[in-house]
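First comes the structure, then the notes that go with it.
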Number of protein chains: 4
Amino acid sequence: MRIDINADLGEGFGPWTMGDDAAMLDLVTTANIACGFHAGDPETMRRTMELARERGVAVGAHPGYGDLLGFGRRPQAGVTAREIENLVAYQAGAFLAMAELAGHPATHVKTHGALGNACADDDALADAVARGIRAADPGLAFTVMPGTATERAAERAGLRLIREIYADRTYGDGFNLTPRREPGAVIHDPAEALARVMRMVGEGRIESTGGKQLAAAIDSVCVHGDTPEAVAMARALRQGLEAAGWTVAAAVGG
Amino acid sequence: MRIDINADLGEGFGPWTMGDDAAMLDLVTTANIACGFHAGDPETMRRTMELARERGVAVGAHPGYGDLLGFGRRPQAGVTAREIENLVAYQAGAFLAMAELAGHPATHVKTHGALGNACADDDALADAVARGIRAADPGLAFTVMPGTATERAAERAGLRLIREIYADRTYGDGFNLTPRREPGAVIHDPAEALARVMRMVGEGRIESTGGKQLAAAIDSVCVHGDTPEAVAMARALRQGLEAAGWTVAAAVGG
Amino acid sequence: MRIDINADLGEGFGPWTMGDDAAMLDLVTTANIACGFHAGDPETMRRTMELARERGVAVGAHPGYGDLLGFGRRPQAGVTAREIENLVAYQAGAFLAMAELAGHPATHVKTHGALGNACADDDALADAVARGIRAADPGLAFTVMPGTATERAAERAGLRLIREIYADRTYGDGFNLTPRREPGAVIHDPAEALARVMRMVGEGRIESTGGKQLAAAIDSVCVHGDTPEAVAMARALRQGLEAAGWTVAAAVGG
Amino acid sequence: MRIDINADLGEGFGPWTMGDDAAMLDLVTTANIACGFHAGDPETMRRTMELARERGVAVGAHPGYGDLLGFGRRPQAGVTAREIENLVAYQAGAFLAMAELAGHPATHVKTHGALGNACADDDALADAVARGIRAADPGLAFTVMPGTATERAAERAGLRLIREIYADRTYGDGFNLTPRREPGAVIHDPAEALARVMRMVGEGRIESTGGKQLAAAIDSVCVHGDTPEAVAMARALRQGLEAAGWTVAAAVGG
């Protein structure tokens, strides 16, 4: 009866902000923080880490492609395992040192956007993420989606796992997210999202839109941090889970 | 009778190269490698580290300002201690993880260009460099110029020191480098540079252009890596020091 | 009895926005649009231009230093006239072509932030701005502050001038803006700002905090676009000026 | 009996150089100069333009993807016509103003690397290039490969054409370049390249590796500027063509 709520935060850059990080940090228990490649810069990283430390929210690196203009959401054709090792190691390593500066040691790594998508389907690229994480610190957990290549890679690499589900997204039969452009991909109603999350976490299984079921030890629920409704969704989840008797706490550290 | 020779290498960026890193790595015993802010990118860092590992050359982070166009040589007005902590921690942290990927652990940190100049004269900024290094790894050495703020900061922070002199530059009475624009600032003749280096290292003192002397335990001699004459100068130093009975070896690791 | 209201808009970058451009474009008659160096990117420029065209708002280039992280507000030590020519010509030239794509030809150039500050005091640098503008298109107007080096440079270069005052800022005795850090530098009350603007525009003179007066043919009033109160301030000015019988219209084009 | 020789130059960035631009500018009659997205920066552009002006070499914009690390050679998945209009208009517009600053007006536009490849096969994207060029200046010529989408787009747009062949590359049956990874794609022997060029230019037809022939009015021969053998190849072509009685001169301007 214990569950983590995580969100992607620290997604500003220089003078620009995205979402309401301070409000989100009052609701989530784990923050995945951008590392300067698709968003974030050293000062934004540090300030976000300091806010998290004050609230006891665990922090981890959220590496992405080096693509500020596209926010790391543009696929990179022909990306190699070596490039992904480099991207993850560089950003996770930078993150570890910034977290030390902020007085709040890092707990985990979760990949962002198109980098995450490239690895979810491809065992060789997912293994590259795991090697990048191990190069930064083999004690870091790897946040993965159950049933995908990232879960298998984390297990092969002997890394600690944080198995997450998405509060507001549905799953295809391969247990990847239904693409946003498809109808029913995104759940907008907080009550519906809460009910889904409690069912999946309570029963320890993920359900696909095609009716498939995957048994999974779910550690964390991901909520979005960058949309107008993000704070309302996170609050509904947090309050609903606590009202139902769940302890909401970081999966690792915090 | 033991001395290190260090050079700033890995100063390419993407498709561009600078200097002849492979030739330099056959001559120096320590390489300071750019970290992606004033030069370098993850793949260039890794390739340079791999070349260094094959030759037993020690590697360390060479952080600079985020200024590719100006190669980190443009002063940044009003830079704060916090910004410098961020710059050094971020880059040194990234470096540590990349060095693990390359199978060749990092030994030290040396600041680059205008960032280095800002810290050489200013104790508060030099302390910020030391805090940035400690955040990345308190076991890293800090490469400093004897008699400057960096040496004092490294000592206060309890970091291991690599005290270096420059083979081809003269010193002002404050034991900072004579600015390049002044006559006599740069020594072009390898034989003259070698004689100077052997005198300073042998006698354990640095001499200024004004005739001042500073007693110093010199660990390393810095040669430039990015000029046409760099390889010839490094070869003259290496061969001259070895011919005179010196053991040329990395100050730390290698 | 005719006056322009201008604001700096299009200051987002990639996924990030700044201020409420659509609301501001309903209130101002001229927009100075960032060109990709301190803010903006080709698509953000074009979208902002398209919104302006739909509303009949004149558009001009707002070039700045190549400094996204510092939003072009960090002084660049030792910047040369040649560098400023390059910065202005490159950005204004790019702007002209983007404005053609957007179907809304450009009317003027106004410098941004630290680039603007460098030129306000320095005739040689202000002349460099004028040369950069002329290289892009000698028919473009140059937005200047009366009494400063930019006004003199525009006159020397034979460029059309847009003489502007700031609605919410006070002036020192040299008729540059009082630095923000000084008390009384910024006027927060829209009613007070409106009264000031009507007095200065109506009487054709600028008043300094020290009581000096400068006769000036004022063409435009600048309001900020990036603060929470920006829209309220712009609305108060527009409505107040129109209620007092002023025609609010672009200084050039529109 | 008149032919142009063109090369891609100005491909340095900040402190980094690529190829020997000064030597190449003594041999070619048209230079395609990078515009700051895949290579180049305002000062590098201007310096290259000034060198070209001194030698009477025509200059044009060489726009590419915004990808310094990949030198504009990485394909961009899902690039849209609107993005390509933006990329071409922005860079060509900036180029025009920089060329005015350098006192050497621009004559043409030629796309670079992966941007060029995307347009060679796709009429909608090639039309987008033409619209971008027209937005910058409808008097600019568009450098195209005969038989490809770019030639058709330039004709539809009413732009002046510069039809080019490659001196050191072979053609597939669609009259695009044979991919470099295939055997026989690149011709390394200057004598062989010269013979090929003289045959194609003299007979007014391009031959594919599969034996197909395309009649084409060839205006220009492209030589590479960034390889070690570039200068030797350009010299062999220039001297060979002139010895055979050809007048080597810019296709437009110069």
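Labels used: A, B, ... for chains in the order of the structure tokens, numbers from 1 for residues in each chain, and numbers from 1 for ligands as shown.
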
Near range 60-74 of chain A, within 7 Å and counting only C-alpha atoms, which residues show up once chain neighbours fewer than 5 positions away are dropped, as a list in words? Ala31, Asn32, Ile33, Ala34, Cys35, Phe37, His38, Ala39, Val88, Gln91, Ala92, Phe95, Ala106, Thr107, His108, Val109, Lys110, Thr111, His112, Gly113, Ala114 and Leu115 of chain A; Phe13, Gly14 and Pro15 of chain C

Could you write out, as a PyMOL selection string, all the residues of range 76-176 of chain B that DSSP marks as strand (DSSP E or B)? chain B and resi 76+108-109+141-144+161-166+169+171

Residues of chain C within 9 Å of chain D, only C-alpha atoms counted, as an NGL selection string: :C and (42-43 or 46 or 82-83 or 85-87 or 89-101 or 131-137)

I need the chosen residues saved as a PDB file, in the first residue's frame, with C-alpha atoms.
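Everything below was put into again-v9.pdb:
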```pdb
ATOM      1  CA  PRO C  42      12.413  31.064 -37.299  1.00  0.00           C
ATOM      2  CA  GLU C  43       8.992  29.538 -36.577  1.00  0.00           C
ATOM      3  CA  ARG C  46       6.970  33.805 -38.416  1.00  0.00           C
ATOM      4  CA  ARG C  82      32.515  45.009 -36.476  1.00  0.00           C
ATOM      5  CA  GLU C  83      30.820  42.437 -34.251  1.00  0.00           C
ATOM      6  CA  GLU C  85      27.595  45.316 -37.612  1.00  0.00           C
ATOM      7  CA  ASN C  86      27.565  41.531 -38.012  1.00  0.00           C
ATOM      8  CA  LEU C  87      24.945  40.955 -35.302  1.00  0.00           C
ATOM      9  CA  ALA C  89      23.000  42.820 -40.352  1.00  0.00           C
ATOM     10  CA  TYR C  90      22.638  39.055 -39.888  1.00  0.00           C
ATOM     11  CA  GLN C  91      19.528  39.292 -37.720  1.00  0.00           C
ATOM     12  CA  ALA C  92      17.858  42.120 -39.642  1.00  0.00           C
ATOM     13  CA  GLY C  93      18.534  40.334 -42.932  1.00  0.00           C
ATOM     14  CA  ALA C  94      17.031  37.098 -41.619  1.00  0.00           C
ATOM     15  CA  PHE C  95      14.078  39.102 -40.343  1.00  0.00           C
ATOM     16  CA  LEU C  96      13.382  40.724 -43.711  1.00  0.00           C
ATOM     17  CA  ALA C  97      13.128  37.374 -45.453  1.00  0.00           C
ATOM     18  CA  MET C  98      10.960  35.852 -42.698  1.00  0.00           C
ATOM     19  CA  ALA C  99       8.660  38.882 -42.902  1.00  0.00           C
ATOM     20  CA  GLU C 100       8.283  38.300 -46.645  1.00  0.00           C
ATOM     21  CA  LEU C 101       7.364  34.668 -45.940  1.00  0.00           C
ATOM     22  CA  ARG C 131      25.624  50.269 -40.853  1.00  0.00           C
ATOM     23  CA  GLY C 132      24.141  46.870 -40.022  1.00  0.00           C
ATOM     24  CA  ILE C 133      20.641  48.199 -40.693  1.00  0.00           C
ATOM     25  CA  ARG C 134      21.687  49.791 -43.985  1.00  0.00           C
ATOM     26  CA  ALA C 135      23.303  46.523 -45.089  1.00  0.00           C
ATOM     27  CA  ALA C 136      19.978  44.745 -44.562  1.00  0.00           C
ATOM     28  CA  ASP C 137      17.848  47.500 -46.141  1.00  0.00           C
TER      29      ASP C 137
END
```

Write out as a compact mmCIF listing (two decimals) with N, CA, C and O atoms, in the first residue's frame each polymer residue whose atoms come within 9 Å of Ala120 in chain B, counting only C-alpha atoms; drop sequence neighbours fewer than 5 positions from it.
```
# COMPACT_ATOMS: atom_id res chain seq x y z
N LEU B 115 37.42 31.67 -17.86
CA LEU B 115 36.99 31.17 -16.54
C LEU B 115 38.21 31.01 -15.64
O LEU B 115 38.20 31.42 -14.47
N LEU B 125 36.01 33.48 -6.21
CA LEU B 125 35.71 32.69 -7.40
C LEU B 125 36.54 31.40 -7.43
O LEU B 125 36.06 30.35 -7.86
N ALA B 126 37.77 31.47 -6.97
CA ALA B 126 38.60 30.26 -6.91
C ALA B 126 38.00 29.26 -5.92
O ALA B 126 38.00 28.04 -6.17
N VAL B 144 46.56 23.94 -10.43
CA VAL B 144 46.63 25.35 -10.05
C VAL B 144 47.97 25.95 -10.45
O VAL B 144 48.94 25.24 -10.73
N MET B 145 48.00 27.29 -10.48
CA MET B 145 49.24 28.02 -10.68
C MET B 145 49.75 28.47 -9.31
O MET B 145 49.05 29.19 -8.60
N THR B 148 48.82 31.83 -6.91
CA THR B 148 47.57 32.49 -7.30
C THR B 148 46.43 32.03 -6.40
O THR B 148 46.58 31.14 -5.56
N ALA B 149 45.26 32.65 -6.64
CA ALA B 149 44.08 32.34 -5.83
C ALA B 149 43.68 30.88 -5.95
O ALA B 149 43.14 30.29 -5.00
N THR B 150 43.95 30.25 -7.09
CA THR B 150 43.55 28.84 -7.24
C THR B 150 44.34 27.95 -6.29
O THR B 150 43.79 27.00 -5.73
N GLU B 151 45.62 28.24 -6.11
CA GLU B 151 46.41 27.41 -5.19
C GLU B 151 45.86 27.55 -3.77
O GLU B 151 45.68 26.55 -3.06
N ASN B 176 50.97 35.55 -12.13
CA ASN B 176 50.06 35.19 -13.22
C ASN B 176 50.83 35.32 -14.53
O ASN B 176 51.90 35.91 -14.57
```

Would you mind listing what lies within 9 Å of Asp168 in chain D as JSON, numbers by chain, with only C-alpha atoms counted and same-chain residues fewer than 3 positions away left out? {"D": [185, 186, 187, 188, 189, 190, 192, 193, 194, 196, 197, 222, 223, 224, 233]}

Selection export as a compact mmCIF listing (two decimals), in the first residue's frame, atoms kept: N, CA, C and O atoms:
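The resulting file, part14.txt, is reproduced below:
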```
# COMPACT_ATOMS: atom_id res chain seq x y z
N ALA D 185 31.25 5.24 -55.67
CA ALA D 185 30.48 6.48 -55.52
C ALA D 185 31.36 7.71 -55.68
O ALA D 185 30.92 8.73 -56.19
N VAL D 186 32.60 7.59 -55.21
CA VAL D 186 33.50 8.75 -55.20
C VAL D 186 34.68 8.49 -56.12
O VAL D 186 35.27 7.41 -56.12
N ILE D 187 35.01 9.49 -56.93
CA ILE D 187 36.15 9.42 -57.84
C ILE D 187 37.31 10.15 -57.19
O ILE D 187 37.20 11.34 -56.88
N HIS D 188 38.40 9.44 -56.95
CA HIS D 188 39.52 10.04 -56.22
C HIS D 188 40.60 10.58 -57.15
O HIS D 188 41.40 11.42 -56.76
N ASP D 189 40.63 10.07 -58.38
CA ASP D 189 41.72 10.43 -59.30
C ASP D 189 41.35 11.71 -60.04
O ASP D 189 40.38 11.75 -60.81
N PRO D 190 42.13 12.79 -59.84
CA PRO D 190 41.80 14.05 -60.51
C PRO D 190 41.71 13.93 -62.04
O PRO D 190 40.83 14.56 -62.65
N GLU D 192 40.79 11.35 -63.82
CA GLU D 192 39.54 10.69 -64.18
C GLU D 192 38.36 11.66 -64.01
O GLU D 192 37.46 11.73 -64.85
N ALA D 193 38.41 12.43 -62.90
CA ALA D 193 37.34 13.39 -62.66
C ALA D 193 37.29 14.43 -63.78
O ALA D 193 36.22 14.77 -64.30
N LEU D 194 38.48 14.91 -64.17
CA LEU D 194 38.54 15.91 -65.24
C LEU D 194 37.97 15.37 -66.55
O LEU D 194 37.18 16.04 -67.23
N ARG D 196 35.81 12.98 -66.99
CA ARG D 196 34.36 12.86 -66.82
C ARG D 196 33.66 14.20 -67.00
O ARG D 196 32.64 14.32 -67.69
N VAL D 197 34.21 15.20 -66.31
CA VAL D 197 33.60 16.53 -66.34
C VAL D 197 33.60 17.07 -67.77
O VAL D 197 32.58 17.58 -68.26
N CYS D 222 30.72 21.15 -59.34
CA CYS D 222 30.97 21.28 -57.90
C CYS D 222 32.16 20.44 -57.50
O CYS D 222 32.23 19.26 -57.82
N VAL D 223 33.09 21.07 -56.76
CA VAL D 223 34.21 20.33 -56.17
C VAL D 223 34.11 20.47 -54.66
O VAL D 223 33.57 21.46 -54.16
N HIS D 224 34.59 19.49 -53.94
CA HIS D 224 34.52 19.58 -52.48
C HIS D 224 35.61 20.47 -51.94
O HIS D 224 36.69 20.57 -52.52
N MET D 233 42.33 18.51 -56.43
CA MET D 233 41.24 18.22 -57.37
C MET D 233 40.77 19.50 -58.06
O MET D 233 40.59 19.53 -59.29
```

Would you pick out the contacts of Ala251 in chain B at 7 Å or less, using only C-alpha atoms, so that residues sharing its chain but fewer than 6 positions from it are not included, and give the list as a list in words?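 Listed by chain and then number, they are Asp4, Ile162, Asp219 and Ser220 of chain B.
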
Selected residues written out, all heavy atoms, as a compact mmCIF listing (two decimals), in the first residue's frame:
```
# COMPACT_ATOMS: atom_id res chain seq x y z
N ASP B 4 55.54 15.98 -14.65
CA ASP B 4 54.42 15.72 -15.55
C ASP B 4 54.44 16.75 -16.68
O ASP B 4 54.87 17.89 -16.48
CB ASP B 4 53.14 15.86 -14.71
CG ASP B 4 51.85 15.68 -15.49
OD1 ASP B 4 51.81 14.86 -16.43
OD2 ASP B 4 50.86 16.36 -15.12
N ILE B 162 47.74 19.85 -8.20
CA ILE B 162 48.75 19.71 -9.23
C ILE B 162 49.23 21.12 -9.52
O ILE B 162 48.48 21.94 -10.06
CB ILE B 162 48.20 19.04 -10.51
CG1 ILE B 162 47.64 17.65 -10.19
CG2 ILE B 162 49.27 18.99 -11.59
CD1 ILE B 162 46.97 16.96 -11.39
N ASP B 219 54.69 20.38 -10.02
CA ASP B 219 54.34 19.00 -10.37
C ASP B 219 54.25 18.78 -11.87
O ASP B 219 54.37 17.65 -12.34
CB ASP B 219 52.95 18.67 -9.79
CG ASP B 219 52.89 18.85 -8.29
OD1 ASP B 219 53.69 18.19 -7.60
OD2 ASP B 219 52.08 19.68 -7.83
N SER B 220 53.96 19.86 -12.61
CA SER B 220 53.61 19.64 -14.02
C SER B 220 53.99 20.86 -14.85
O SER B 220 54.03 21.98 -14.36
CB SER B 220 52.10 19.40 -14.13
OG SER B 220 51.75 19.02 -15.44
```

What separation in Å, quoted to one decimal, exists between CA of Ile218 in chain B and CA of Pro146 in chain B?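 Going from CA of Ile218 in chain B over to CA of Pro146 in chain B, I get 8.0 Å.
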
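Of note, CA of Gly147 in chain C and CA of Ile3 in chain C are spaced 19.0 Å apart.
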
Write out as number ranges by chain all residues of range 78-193 of chain A that backbone DSSP assigns to helix (DSSP H, G or I). A: 81-101, 113-120, 123-136, 149-157, 190-193

Identify, on the basis of only C-alpha atoms, every residue whose closest approach to Pro179 in chain B does not exceed 12 Å; exclude the query and any residue fewer than 4 positions from it along the same chain; express the result as a PyMOL selection string. chain B and resi 117+169-172+175+183-186+209

Counting only C-alpha atoms, which residue out of A:Gly174, A:Gln239, A:Thr48, A:Glu182 sits closest to Leu214 in chain A?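 The closest residue to Leu214 in chain A is A:Gly174.
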
Near-Ile206 in chain D list (8 Å; only C-alpha atoms; drop same-chain fewer than 5 positions) as a PyMOL selection string: chain D and resi 165+175+200+213-216

Write a file of the just-selected residues containing N, CA, C and O atoms, as a compact mmCIF listing (two decimals), in the first residue's frame.
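And here's result20.txt as it stands now:
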```
# COMPACT_ATOMS: atom_id res chain seq x y z
N ILE D 165 26.89 19.79 -61.89
CA ILE D 165 27.27 18.38 -61.76
C ILE D 165 28.38 18.30 -60.71
O ILE D 165 29.02 19.31 -60.38
N PHE D 175 19.50 10.09 -61.29
CA PHE D 175 20.35 11.29 -61.41
C PHE D 175 20.54 12.03 -60.10
O PHE D 175 20.85 13.21 -60.06
N MET D 200 30.93 15.29 -69.82
CA MET D 200 29.55 15.66 -69.50
C MET D 200 29.25 17.09 -69.93
O MET D 200 28.21 17.37 -70.52
N GLN D 213 21.22 8.24 -69.64
CA GLN D 213 21.74 9.54 -70.04
C GLN D 213 20.67 10.59 -69.86
O GLN D 213 19.50 10.36 -70.14
N LEU D 214 21.08 11.77 -69.38
CA LEU D 214 20.15 12.88 -69.21
C LEU D 214 20.74 14.09 -69.90
O LEU D 214 21.83 14.55 -69.53
N ALA D 215 20.03 14.62 -70.89
CA ALA D 215 20.50 15.85 -71.53
C ALA D 215 20.35 17.00 -70.55
O ALA D 215 19.32 17.12 -69.89
N ALA D 216 21.37 17.80 -70.42
CA ALA D 216 21.33 18.89 -69.44
C ALA D 216 22.26 20.01 -69.86
O ALA D 216 23.39 19.76 -70.30
```

Rounded to one decimal in Å, what is the spacing between CA of Ala244 in chain B and CA of Asn6 in chain B?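 CA of Asn6 in chain B lies at a distance of 18.7 Å from CA of Ala244 in chain B.
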